[in-house]
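Asks: Handing over coords_25.txt, compact mmCIF, C-alpha atoms and all ligand atoms.
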# COMPACT_ATOMS: atom_id res chain seq x y z
CA MET A 1 0.00 0.00 0.00
CA ASN A 2 1.41 3.41 -0.93
CA THR A 3 0.25 5.13 2.20
CA ASN A 4 0.92 4.84 5.89
CA THR A 5 -1.30 3.05 8.40
CA ALA A 6 -2.17 6.24 10.24
CA HIS A 7 -3.64 7.64 7.04
CA THR A 8 -5.84 4.63 6.33
CA ALA A 9 -6.88 4.36 10.00
CA THR A 10 -8.65 7.70 9.75
CA LEU A 11 -10.10 7.08 6.32
CA ARG A 12 -13.92 7.33 6.15
CA VAL A 13 -16.36 6.92 3.31
CA ASP A 14 -18.49 9.83 2.09
CA ALA A 15 -21.81 9.12 3.82
CA ASP A 16 -23.74 11.61 1.66
CA ARG A 17 -22.41 10.18 -1.59
CA LEU A 18 -23.30 6.65 -0.45
CA TRP A 19 -26.81 7.77 0.52
CA ASN A 20 -27.31 9.66 -2.75
CA SER A 21 -26.30 6.59 -4.73
CA LEU A 22 -28.73 4.40 -2.74
CA SER A 23 -31.47 6.96 -3.34
CA GLU A 24 -30.76 7.29 -7.06
CA LEU A 25 -30.69 3.53 -7.61
CA GLY A 26 -33.86 3.31 -5.51
CA GLU A 27 -35.66 5.34 -8.16
CA VAL A 28 -35.01 2.67 -10.80
CA GLY A 29 -38.06 0.43 -10.78
CA ALA A 30 -39.74 2.57 -8.11
CA PHE A 31 -43.50 2.25 -7.57
CA GLU A 32 -46.14 3.71 -5.28
CA ASP A 33 -47.13 1.01 -2.80
CA ALA A 34 -50.83 1.16 -1.99
CA ASP A 35 -50.43 -0.93 1.21
CA THR A 36 -47.93 1.35 2.90
CA GLY A 37 -48.37 4.59 0.97
CA LEU A 38 -44.60 4.49 0.47
CA ARG A 39 -42.40 4.35 -2.58
CA GLY A 40 -41.10 0.83 -3.11
CA VAL A 41 -38.72 -0.82 -5.54
CA ARG A 42 -39.49 -3.53 -8.08
CA ARG A 43 -36.46 -4.76 -9.98
CA LEU A 44 -37.09 -8.43 -10.59
CA ALA A 45 -33.99 -10.07 -12.03
CA LEU A 46 -33.33 -9.63 -15.75
CA THR A 47 -36.27 -7.32 -16.39
CA ASP A 48 -35.99 -3.90 -18.03
CA ASP A 49 -35.80 -2.28 -14.57
CA ASP A 50 -33.07 -4.61 -13.30
CA VAL A 51 -31.07 -4.01 -16.46
CA ALA A 52 -31.57 -0.24 -16.10
CA GLY A 53 -30.28 -0.55 -12.52
CA ARG A 54 -27.26 -2.49 -13.74
CA GLN A 55 -26.55 0.14 -16.39
CA LEU A 56 -26.69 2.92 -13.81
CA VAL A 57 -24.32 1.16 -11.42
CA VAL A 58 -21.96 -0.10 -14.12
CA GLY A 59 -21.79 3.50 -15.43
CA TRP A 60 -20.72 4.60 -11.93
CA MET A 61 -18.18 1.77 -11.86
CA HIS A 62 -16.67 3.00 -15.14
CA GLU A 63 -16.57 6.57 -13.81
CA ALA A 64 -14.68 5.27 -10.78
CA GLY A 65 -12.08 3.83 -13.16
CA LEU A 66 -13.03 0.19 -12.66
CA ALA A 67 -12.56 -2.45 -15.37
CA VAL A 68 -15.91 -4.19 -15.67
CA ARG A 69 -16.43 -7.73 -16.93
CA LEU A 70 -19.30 -10.21 -16.92
CA ASP A 71 -19.35 -13.96 -16.42
CA GLU A 72 -21.52 -16.52 -18.18
CA ALA A 73 -24.28 -16.11 -15.59
CA GLY A 74 -24.47 -12.33 -15.99
CA ASN A 75 -22.61 -11.64 -12.73
CA VAL A 76 -20.69 -8.35 -12.87
CA TYR A 77 -17.13 -7.92 -11.56
CA ALA A 78 -15.66 -4.42 -11.45
CA ARG A 79 -11.95 -4.41 -10.77
CA ARG A 80 -9.64 -1.84 -9.21
CA ALA A 81 -6.05 -2.84 -9.94
CA GLY A 82 -3.69 -3.63 -7.07
CA ALA A 83 -0.03 -2.72 -6.77
CA ASP A 84 0.58 -6.41 -7.43
CA ASP A 85 -2.22 -7.14 -9.83
CA SER A 86 -1.24 -10.79 -10.09
CA LEU A 87 -2.58 -11.38 -6.56
CA ALA A 88 -6.09 -12.74 -6.00
CA PRO A 89 -8.56 -9.89 -5.45
CA VAL A 90 -10.45 -8.96 -2.33
CA MET A 91 -14.08 -9.09 -3.46
CA VAL A 92 -16.98 -7.12 -2.03
CA GLY A 93 -20.49 -7.19 -3.40
CA SER A 94 -24.08 -8.28 -3.23
CA HIS A 95 -27.06 -7.90 -5.58
CA ILE A 96 -29.29 -5.18 -7.00
CA ASP A 97 -32.19 -7.33 -8.23
CA SER A 98 -35.13 -7.15 -5.85
CA VAL A 99 -38.33 -8.84 -4.82
CA ALA A 100 -41.48 -7.30 -6.32
CA THR A 101 -42.22 -5.26 -3.19
CA ALA A 102 -38.77 -4.19 -2.02
CA GLY A 103 -37.16 -1.27 -0.26
CA ARG A 104 -33.95 0.47 -1.32
CA PHE A 105 -31.36 -1.30 0.80
CA ASP A 106 -31.51 -5.08 0.36
CA GLY A 107 -28.40 -5.96 -1.64
CA CYS A 108 -27.91 -2.42 -2.92
CA LEU A 109 -26.03 -1.41 0.23
CA GLY A 110 -23.43 -4.13 -0.40
CA VAL A 111 -22.91 -3.19 -4.05
CA LEU A 112 -22.99 0.59 -3.66
CA GLY A 113 -20.96 0.29 -0.46
CA GLY A 114 -18.32 -1.55 -2.46
CA LEU A 115 -18.39 1.25 -5.03
CA GLU A 116 -18.15 3.84 -2.24
CA ILE A 117 -15.02 2.10 -0.92
CA VAL A 118 -13.44 2.38 -4.36
CA ARG A 119 -14.46 6.04 -4.66
CA THR A 120 -12.94 6.74 -1.23
CA LEU A 121 -9.67 5.02 -2.11
CA ASN A 122 -9.62 7.00 -5.38
CA ASP A 123 -10.22 10.28 -3.53
CA HIS A 124 -7.19 9.63 -1.34
CA GLY A 125 -4.97 8.23 -4.05
CA ILE A 126 -4.55 4.95 -2.24
CA THR A 127 -3.38 1.88 -4.11
CA THR A 128 -3.86 -1.40 -2.29
CA GLN A 129 -1.47 -4.30 -2.70
CA ARG A 130 -4.19 -6.65 -3.93
CA PRO A 131 -6.81 -5.77 -6.51
CA ILE A 132 -10.32 -5.07 -5.23
CA GLU A 133 -13.38 -6.29 -7.12
CA VAL A 134 -16.96 -5.13 -6.63
CA ALA A 135 -19.46 -7.82 -7.62
CA ILE A 136 -23.12 -7.62 -8.59
CA PHE A 137 -24.63 -11.11 -8.51
CA SER A 138 -27.59 -12.02 -10.72
CA GLU A 139 -31.00 -13.08 -9.35
CA GLU A 140 -30.06 -13.23 -5.67
CA GLU A 141 -33.69 -13.00 -4.64
CA GLY A 142 -35.01 -15.99 -6.54
CA ALA A 143 -38.17 -13.92 -6.88
CA ARG A 144 -38.31 -14.42 -10.63
CA PHE A 145 -36.54 -17.68 -11.54
CA GLY A 146 -37.54 -19.58 -8.39
CA THR A 147 -34.21 -20.26 -6.69
CA ASP A 148 -32.31 -17.80 -4.56
CA MET A 149 -28.63 -16.85 -4.97
CA LEU A 150 -28.79 -18.16 -8.54
CA GLY A 151 -25.92 -16.01 -9.89
CA SER A 152 -23.52 -16.47 -6.99
CA ALA A 153 -24.34 -20.19 -6.68
CA THR A 154 -23.42 -20.58 -10.35
CA ALA A 155 -20.25 -18.51 -9.90
CA ALA A 156 -19.34 -20.69 -6.93
CA GLY A 157 -20.06 -23.96 -8.76
CA ARG A 158 -23.00 -25.20 -6.64
CA ILE A 159 -25.40 -24.82 -9.56
CA GLU A 160 -24.28 -25.86 -13.06
CA LEU A 161 -24.54 -23.20 -15.74
CA ALA A 162 -26.91 -25.33 -17.84
CA ASP A 163 -29.22 -25.82 -14.85
CA ALA A 164 -29.16 -22.13 -14.05
CA ARG A 165 -29.93 -21.19 -17.65
CA ALA A 166 -32.85 -23.63 -17.73
CA ARG A 167 -34.58 -22.11 -14.69
CA THR A 168 -37.92 -20.63 -15.69
CA ASP A 169 -40.07 -17.80 -14.45
CA ARG A 170 -43.87 -18.11 -14.07
CA ASP A 171 -44.33 -17.51 -17.80
CA GLY A 172 -41.86 -20.22 -18.76
CA VAL A 173 -39.14 -17.75 -19.81
CA THR A 174 -35.70 -19.09 -18.94
CA PHE A 175 -32.88 -17.32 -17.12
CA GLY A 176 -30.65 -18.21 -20.07
CA ALA A 177 -32.98 -16.67 -22.64
CA GLU A 178 -33.11 -13.44 -20.64
CA LEU A 179 -29.32 -13.35 -20.25
CA ASP A 180 -29.05 -13.70 -24.04
CA ARG A 181 -31.80 -11.15 -24.77
CA TYR A 182 -30.14 -8.48 -22.61
CA ASP A 183 -26.64 -9.38 -23.84
CA LEU A 184 -25.50 -10.24 -20.31
CA VAL A 185 -23.51 -13.38 -21.10
CA GLY A 186 -19.89 -12.51 -20.39
CA THR A 187 -16.71 -14.26 -21.37
CA GLN A 188 -15.60 -15.15 -17.85
CA ARG A 189 -16.32 -18.79 -17.19
CA VAL A 190 -18.32 -20.16 -14.29
CA PRO A 191 -17.36 -21.39 -11.77
CA MET A 192 -14.99 -18.49 -11.13
CA PRO A 193 -11.60 -19.37 -12.63
CA VAL A 194 -9.70 -17.49 -9.91
CA ALA A 195 -11.04 -17.63 -6.38
CA PRO A 196 -11.02 -14.30 -4.56
CA TYR A 197 -8.54 -13.92 -1.72
CA ALA A 198 -11.51 -13.11 0.50
CA TYR A 199 -15.12 -11.94 0.13
CA LEU A 200 -17.02 -9.43 2.27
CA GLU A 201 -20.62 -8.26 2.03
CA CYS A 202 -22.36 -5.51 3.96
CA HIS A 203 -26.13 -5.90 4.20
CA ILE A 204 -29.07 -4.52 6.11
CA GLU A 205 -29.96 -7.03 8.86
CA GLN A 206 -33.59 -7.48 7.71
CA GLY A 207 -34.57 -8.45 11.26
CA PRO A 208 -35.14 -6.88 14.69
CA ILE A 209 -32.08 -7.92 16.70
CA LEU A 210 -29.57 -5.11 16.17
CA GLU A 211 -32.18 -2.39 16.58
CA ALA A 212 -33.55 -4.00 19.77
CA ASN A 213 -30.08 -4.32 21.27
CA GLN A 214 -28.98 -0.89 20.07
CA SER A 215 -26.05 -2.48 18.28
CA GLU A 216 -24.57 -0.44 15.46
CA ILE A 217 -22.91 -3.37 13.69
CA GLY A 218 -23.68 -7.08 13.37
CA VAL A 219 -20.70 -9.41 13.03
CA VAL A 220 -22.32 -12.17 11.01
CA GLN A 221 -21.29 -15.65 12.06
CA GLY A 222 -23.24 -17.44 9.38
CA VAL A 223 -26.42 -17.93 7.40
CA GLN A 224 -29.19 -20.37 8.34
CA ALA A 225 -30.38 -23.23 6.13
CA ILE A 226 -33.04 -22.55 3.50
CA THR A 227 -35.37 -24.98 1.74
CA TRP A 228 -37.97 -23.92 -0.79
CA LEU A 229 -40.71 -26.30 -1.91
CA GLU A 230 -43.37 -25.93 -4.56
CA LEU A 231 -46.50 -28.02 -4.01
CA GLU A 232 -49.10 -28.88 -6.59
CA ILE A 233 -52.30 -30.13 -5.03
CA VAL A 234 -54.83 -31.71 -7.37
CA GLY A 235 -58.38 -32.49 -6.32
CA ARG A 236 -61.63 -32.35 -8.28
CA ALA A 237 -63.77 -29.35 -9.13
CA ALA A 238 -67.43 -29.66 -8.18
CA HIS A 239 -70.55 -27.63 -7.45
CA ALA A 240 -70.41 -25.89 -4.07
CA GLY A 241 -74.07 -26.41 -3.30
CA ALA A 242 -74.88 -29.74 -4.86
CA THR A 243 -71.81 -31.82 -3.97
CA PRO A 244 -72.12 -33.64 -0.62
CA ASN A 245 -69.09 -33.27 1.61
CA ALA A 246 -68.26 -36.97 1.35
CA LEU A 247 -67.89 -36.68 -2.43
CA ARG A 248 -65.47 -33.77 -2.39
CA HIS A 249 -61.78 -33.75 -3.23
CA ASP A 250 -61.05 -30.22 -2.11
CA ALA A 251 -57.56 -29.00 -3.00
CA GLU A 252 -58.06 -25.90 -0.89
CA LEU A 253 -58.83 -27.93 2.24
CA ALA A 254 -55.60 -29.86 1.68
CA ALA A 255 -53.68 -26.59 1.35
CA ALA A 256 -55.18 -25.31 4.57
CA LEU A 257 -54.20 -28.49 6.45
CA VAL A 258 -50.62 -28.15 5.19
CA ARG A 259 -50.49 -24.51 6.26
CA VAL A 260 -51.79 -25.28 9.74
CA ARG A 261 -49.39 -28.22 10.10
CA LEU A 262 -46.47 -25.90 9.26
CA ASP A 263 -47.62 -23.53 11.97
CA GLU A 264 -47.80 -26.39 14.48
CA MET A 265 -44.29 -27.48 13.54
CA VAL A 266 -42.98 -23.95 14.13
CA THR A 267 -44.85 -23.12 17.32
CA SER A 268 -44.28 -26.52 18.97
CA GLY A 269 -40.53 -25.89 18.97
CA ASP A 270 -40.13 -29.56 17.99
CA TYR A 271 -37.85 -28.61 15.10
CA GLY A 272 -35.61 -26.09 16.81
CA ALA A 273 -35.76 -22.51 15.58
CA MET A 274 -37.75 -23.44 12.49
CA LEU A 275 -39.57 -20.82 10.44
CA ALA A 276 -42.13 -21.55 7.72
CA THR A 277 -43.80 -19.29 5.21
CA VAL A 278 -46.41 -19.99 2.56
CA GLY A 279 -45.81 -16.94 0.42
CA ARG A 280 -47.52 -17.92 -2.79
CA HIS A 281 -50.86 -19.62 -3.06
CA GLU A 282 -52.82 -19.93 -6.27
CA THR A 283 -56.13 -21.66 -6.36
CA HIS A 284 -58.13 -22.82 -9.37
CA PRO A 285 -60.73 -22.11 -10.62
CA ASN A 286 -60.82 -19.47 -7.86
CA LEU A 287 -64.57 -18.95 -7.94
CA ILE A 288 -66.96 -18.67 -5.00
CA ASN A 289 -69.23 -21.58 -5.78
CA ILE A 290 -66.79 -24.18 -7.08
CA VAL A 291 -64.78 -26.65 -4.98
CA PRO A 292 -61.16 -25.89 -5.96
CA SER A 293 -59.50 -28.50 -8.12
CA HIS A 294 -55.92 -27.20 -8.06
CA VAL A 295 -53.72 -25.32 -5.64
CA LEU A 296 -50.14 -24.22 -6.15
CA LEU A 297 -48.40 -23.49 -2.88
CA THR A 298 -44.84 -22.47 -2.04
CA VAL A 299 -43.21 -23.32 1.28
CA ASP A 300 -40.13 -21.45 2.54
CA LEU A 301 -38.43 -23.23 5.44
CA ARG A 302 -35.56 -21.79 7.48
CA ASN A 303 -33.59 -23.40 10.26
CA HIS A 304 -30.26 -22.82 11.98
CA ASP A 305 -29.83 -26.56 12.36
CA ASP A 306 -29.46 -28.70 9.26
CA SER A 307 -30.51 -31.96 10.92
CA GLU A 308 -33.71 -30.31 12.20
CA MET A 309 -34.31 -29.00 8.69
CA THR A 310 -33.94 -32.51 7.26
CA ARG A 311 -36.28 -33.94 9.91
CA ALA A 312 -38.85 -31.23 9.18
CA GLU A 313 -38.70 -31.95 5.44
CA THR A 314 -39.16 -35.70 6.02
CA ASP A 315 -42.05 -35.23 8.45
CA LEU A 316 -43.69 -32.76 6.13
CA THR A 317 -43.47 -35.17 3.22
CA ASN A 318 -45.12 -37.84 5.38
CA PHE A 319 -47.83 -35.37 6.33
CA PHE A 320 -48.53 -34.72 2.62
CA HIS A 321 -49.34 -38.45 2.30
CA GLU A 322 -51.71 -38.25 5.28
CA VAL A 323 -53.50 -35.30 3.70
CA GLU A 324 -53.75 -37.14 0.39
CA GLN A 325 -55.56 -40.00 2.18
CA GLN A 326 -57.74 -37.76 4.31
CA VAL A 327 -58.88 -35.34 1.59
CA GLY A 328 -58.64 -37.50 -1.54
CA VAL A 329 -56.21 -35.30 -3.43
CA THR A 330 -52.73 -35.78 -4.85
CA ILE A 331 -49.87 -33.64 -3.63
CA THR A 332 -46.68 -33.46 -5.67
CA HIS A 333 -43.81 -31.40 -4.43
CA ARG A 334 -40.45 -30.36 -5.74
CA THR A 335 -37.54 -28.69 -4.01
CA THR A 336 -36.76 -25.46 -5.84
CA ALA A 337 -33.97 -24.22 -3.57
CA LYS A 338 -31.89 -25.80 -0.85
CA THR A 339 -28.86 -24.43 0.97
CA PRO A 340 -27.28 -25.75 4.16
CA PRO A 341 -26.34 -23.47 7.03
CA VAL A 342 -23.06 -21.65 6.37
CA ARG A 343 -20.61 -20.63 9.06
CA PHE A 344 -18.14 -17.93 8.15
CA PRO A 345 -14.53 -18.52 9.25
CA ASP A 346 -13.56 -17.17 12.66
CA SER A 347 -10.79 -15.15 11.00
CA MET A 348 -13.37 -13.16 9.00
CA GLN A 349 -15.68 -12.69 11.99
CA ASP A 350 -12.71 -11.55 14.07
CA LEU A 351 -11.68 -9.08 11.38
CA VAL A 352 -15.17 -7.56 11.17
CA ALA A 353 -15.39 -7.38 14.99
CA LYS A 354 -11.95 -5.76 15.22
CA CYS A 355 -12.76 -3.17 12.56
CA ALA A 356 -16.08 -2.36 14.27
CA ALA A 357 -14.35 -2.02 17.64
CA ASN A 358 -11.58 0.18 16.19
CA LEU A 359 -14.26 2.50 14.84
CA GLY A 360 -15.95 2.57 18.25
CA PHE A 361 -19.17 0.83 17.19
CA ARG A 362 -21.32 -1.24 19.52
CA HIS A 363 -21.37 -4.64 17.82
CA GLU A 364 -22.65 -8.13 18.40
CA VAL A 365 -22.36 -11.52 16.78
CA ILE A 366 -25.47 -12.46 14.83
CA THR A 367 -26.69 -15.22 12.50
CA SER A 368 -28.35 -14.13 9.29
CA GLY A 369 -32.01 -14.98 8.87
CA ALA A 370 -31.89 -14.20 5.15
CA GLY A 371 -29.89 -15.91 2.44
CA HIS A 372 -26.96 -14.03 0.96
CA ASP A 373 -24.44 -14.26 -1.88
CA ALA A 374 -21.73 -14.44 0.81
CA GLY A 375 -23.10 -17.86 1.76
CA GLU A 376 -22.31 -19.09 -1.75
CA ILE A 377 -18.95 -17.37 -2.23
CA ALA A 378 -17.91 -18.88 1.13
CA ALA A 379 -17.38 -22.11 -0.84
CA LEU A 380 -14.55 -20.42 -2.77
CA CYS A 381 -12.70 -18.33 -0.20
CA PRO A 382 -12.93 -16.98 3.36
CA ALA A 383 -16.15 -14.94 3.44
CA GLY A 384 -17.73 -12.68 5.98
CA MET A 385 -20.54 -10.20 6.42
CA VAL A 386 -21.23 -6.90 8.13
CA PHE A 387 -24.84 -6.18 9.16
CA VAL A 388 -26.34 -2.78 9.84
CA PRO A 389 -29.61 -2.29 11.73
CA GLY A 390 -32.88 -1.53 10.04
CA LEU A 391 -35.75 0.38 11.66
CA TYR A 392 -39.33 -0.77 12.33
CA ASP A 393 -38.31 -4.25 13.61
CA GLY A 394 -35.93 -4.51 10.69
CA ILE A 395 -38.78 -5.08 8.28
CA SER A 396 -37.55 -5.95 4.80
CA HIS A 397 -38.80 -7.21 1.44
CA ASN A 398 -41.21 -4.32 1.85
CA PRO A 399 -41.14 -0.58 1.05
CA ARG A 400 -40.98 0.09 4.82
CA GLU A 401 -37.44 -1.30 4.83
CA TYR A 402 -35.24 1.52 6.13
CA SER A 403 -31.78 2.02 7.49
CA THR A 404 -30.48 5.48 8.38
CA PRO A 405 -27.75 7.23 6.36
CA GLU A 406 -25.55 7.00 9.46
CA ALA A 407 -26.14 3.27 9.92
CA CYS A 408 -25.34 2.61 6.26
CA ALA A 409 -22.14 4.65 6.43
CA ASN A 410 -21.12 2.87 9.66
CA GLY A 411 -21.39 -0.49 7.94
CA ILE A 412 -19.45 0.65 4.90
CA ASN A 413 -16.74 2.20 7.09
CA VAL A 414 -16.32 -1.19 8.78
CA LEU A 415 -16.22 -2.77 5.32
CA LEU A 416 -13.63 -0.21 4.18
CA SER A 417 -11.31 -0.96 7.12
CA ALA A 418 -11.64 -4.70 6.62
CA VAL A 419 -11.03 -4.44 2.87
CA ILE A 420 -7.96 -2.24 3.40
CA GLU A 421 -6.54 -4.79 5.81
CA LEU A 422 -7.25 -7.76 3.55
CA ALA A 423 -6.05 -6.01 0.41
CA GLY A 424 -2.79 -5.15 2.12
CA GLU A 425 -2.00 -8.80 2.89
C1 LIG A 501 -33.31 -13.58 0.36
O1 LIG A 501 -33.61 -12.40 0.45
C2 LIG A 501 -33.98 -14.54 1.19
O2 LIG A 501 -35.12 -14.91 0.85
O3 LIG A 501 -33.45 -14.89 2.25
MN MN A 502 -30.21 -9.36 -0.05
MN MN A 503 -33.80 -10.06 -0.26
Mind turning this structure into structure tokens?
Replies:
Amino acid sequence: MNTNTAHTATLRVDADRLWNSLSELGEVGAFEDADTGLRGVRRLALTDDDVAGRQLVVGWMHEAGLAVRLDEAGNVYARRAGADDSLAPVMVGSHIDSVATAGRFDGCLGVLGGLEIVRTLNDHGITTQRPIEVAIFSEEEGARFGTDMLGSATAAGRIELADARARTDRDGVTFGAELDRYDLVGTQRVPMPVAPYAYLECHIEQGPILEANQSEIGVVQGVQAITWLELEIVGRAAHAGATPNALRHDAELAAALVRVRLDEMVTSGDYGAMLATVGRHETHPNLINIVPSHVLLTVDLRNHDDSEMTRAETDLTNFFHEVEQQVGVTITHRTTAKTPPVRFPDSMQDLVAKCAANLGFRHEVITSGAGHDAGEIAALCPAGMVFVPGLYDGISHNPREYSTPEACANGINVLLSAVIELAGE
């Protein structure tokens, strides 16, 4: 590094510039949310809005002097050369695709925070020993193509490129076709040919813990397990008034039994700290006086403990058979996403904790409730995460998602210190 330690120790990001970038990106795909009366963000992966968001950020990356390249899964890597550019880069990043009802922070803080680190180093004429790369991973949310962390999982080799490309949205459009249509297929191969030296991601917590404990920084020890299921329940349509109960095969009743069983599994505590969400539910023919013949249901399961997750999946599958017998329907299910719990190396947790302490922030160790690209890149190199608190119980995946300008800057200052240390090694 061409500067002394005292200089970098006092280095801080430009909080206003970071906030302005978050706000400007937050206008891409913005919509007025009738539920909350707030302005939300809708940038589903590989839609016009997501691509407009990418163009905005990649433009900023070019302005910051970064060399931008794409891989075969549309993941973006923006590189700032190191003094020894042959060394493996320190990578920071996240995603800018969003769920359909998002706020401005989920993922964007990690990407724009990475950019803000580069801008800050540029401002001070600092060259790090190792290169630094800022990554934007494709379809982290899984909100369009049905599996989360799709881009980073492909970059890390967990999902094969052909499988990723074949993933379809609700209209049957594939991830691959959209990558081609938007010219987002890069020349860099997946999995990543050169593993980063280390990977760091700053993210809004998306939960209530940091706010409740008045912690300014979360030192993330890992990410809990995630399983996504899609159920198709098939019964028989019939007249609501003329069909005796004994002759019904009611797909909606089966769906309700599954939903209640999930709640019992969660509230009993029999499966550890299990969480279950039925977030999508489509019923057919969806008319008041017809017994439903078809239901499509998604189940999102989370658990800190992988063996409890496996037990829950097995017991749930057995319960589907019971419901089939009881209601006279068929239930088919497929697993659309599955990731085990990830624990970040102690060395990365220690680094984040040290940087937070050096900056005088109240910090605590926390496990992520949400899935993150860091959980995938952890398969390639030491990975870690910095969390910042959100307000309103940390609500997220909703326009109410909010983190203060100060909280965002705190997180990115921790990220900056950690990146400087890693990039100097
Ligand atoms: C990603 O946001 C997730 O669903 O955890
Ligand atoms: Mn995210
Ligand atoms: Mn998210």
Asks: Looking at A:Tyr182, A:Tyr271, A:Phe105, A:Phe344, which one is nearest to Gly222 in chain A, with distances taken over all atoms listed in the file?
Replies: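 For Gly222 in chain A, the nearest of the given residues is A:Phe344.
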Asks: Could you please determine the separation between CA of Arg42 in chain A and CA of Ala337 in chain A in Å, to one decimal place?
Replies: 21.9 Å
Asks: Counting all atoms listed in the file, which residues in chain A sit no more than 9 Å from ligand LIG 501 (chain A)? For each one, give the nearest pair of atoms and the distance in Å, sorted by chain then residue number, as a tab-separated table.
Replies:
residue	atom	partner	partner_atom	distance
A:Ser98	CA	A:LIG501	O1	8.3
A:Val99	CA	A:LIG501	O1	7.9
A:Asp106	CA	A:LIG501	O1	7.6
A:Gly107	CA	A:LIG501	O1	8.5
A:Glu140	CA	A:LIG501	C1	6.9
A:Glu141	CA	A:LIG501	C1	5.0
A:Gly142	CA	A:LIG501	O2	7.5
A:Ala143	CA	A:LIG501	O2	8.4
A:Asp148	CA	A:LIG501	C1	6.6
A:Met149	CA	A:LIG501	C1	7.8
A:Gln206	CA	A:LIG501	O1	8.8
A:Ile226	CA	A:LIG501	O3	7.8
A:Asp300	CA	A:LIG501	O2	8.4
A:Arg302	CA	A:LIG501	O3	8.9
A:Ser368	CA	A:LIG501	O3	8.7
A:Gly369	CA	A:LIG501	O3	6.8
A:Ala370	CA	A:LIG501	O3	3.4
A:Gly371	CA	A:LIG501	O3	3.7
A:His372	CA	A:LIG501	C1	6.4
A:Ser396	CA	A:LIG501	O1	8.7
A:His397	CA	A:LIG501	O1	7.4
Asks: As an exercise, work out the distance from CA of His294 in chain A to CA of Gly328 in chain A in Å and give it to one decimal place.
Replies: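 Distance reported for this atom pair: 12.5 Å.
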Asks: Given only C-alpha atoms as the basis, pick out the residue of A:Asn318, A:Gln221, A:Gln325, A:Thr154 nearest to Asp350 in chain A.
Replies: A:Gln221
Asks: At what distance in Å, to one decimal, does CA of Asp97 in chain A lie from CA of Phe31 in chain A?
Replies: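 Result for CA of Phe31 in chain A versus CA of Asp97 in chain A: 14.8 Å, one decimal.
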Asks: Pick out the residues sitting within 12 Å of Pro285 in chain A, and hand them over as a list of chain:residue names; count all atoms listed in the file, and ignore anything fewer than 4 positions along from it in its own chain.
Replies: A:Val234, A:Gly235, A:Arg236, A:Ala237, A:Ala238, A:His239, A:Asp250, A:Ala251, A:Glu252, A:Asn289, A:Ile290, A:Val291, A:Pro292, A:Ser293, A:His294, A:Val295, A:Leu296
Asks: Can I get range 121-133 of chain A with N, CA and C atoms filled in, as a compact mmCIF listing (two decimals), keeping the file's coordinate frame?
Replies:
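Okay, selection-v1.txt is ready:
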# COMPACT_ATOMS: atom_id res chain seq x y z
N LEU A 121 -11.09 5.30 -1.85
CA LEU A 121 -9.67 5.02 -2.11
C LEU A 121 -9.16 5.92 -3.24
N ASN A 122 -10.00 6.11 -4.26
CA ASN A 122 -9.62 7.00 -5.38
C ASN A 122 -9.38 8.42 -4.86
N ASP A 123 -10.31 8.90 -4.05
CA ASP A 123 -10.22 10.28 -3.53
C ASP A 123 -8.88 10.52 -2.83
N HIS A 124 -8.40 9.48 -2.15
CA HIS A 124 -7.19 9.63 -1.34
C HIS A 124 -5.95 9.07 -2.04
N GLY A 125 -6.12 8.70 -3.28
CA GLY A 125 -4.97 8.23 -4.05
C GLY A 125 -4.29 7.01 -3.46
N ILE A 126 -5.11 6.14 -2.89
CA ILE A 126 -4.55 4.95 -2.24
C ILE A 126 -4.58 3.76 -3.20
N THR A 127 -3.44 3.13 -3.36
CA THR A 127 -3.38 1.88 -4.11
C THR A 127 -3.17 0.75 -3.13
N THR A 128 -4.02 -0.24 -3.19
CA THR A 128 -3.86 -1.40 -2.29
C THR A 128 -2.94 -2.42 -2.96
N GLN A 129 -2.38 -3.27 -2.16
CA GLN A 129 -1.47 -4.30 -2.70
C GLN A 129 -2.24 -5.26 -3.61
N ARG A 130 -3.36 -5.75 -3.13
CA ARG A 130 -4.19 -6.65 -3.93
C ARG A 130 -5.24 -5.86 -4.70
N PRO A 131 -5.66 -6.40 -5.85
CA PRO A 131 -6.81 -5.77 -6.51
C PRO A 131 -8.07 -5.89 -5.65
N ILE A 132 -9.01 -5.00 -5.90
CA ILE A 132 -10.32 -5.07 -5.23
C ILE A 132 -11.37 -5.22 -6.33
N GLU A 133 -12.30 -6.13 -6.14
CA GLU A 133 -13.38 -6.29 -7.12
C GLU A 133 -14.73 -6.07 -6.43
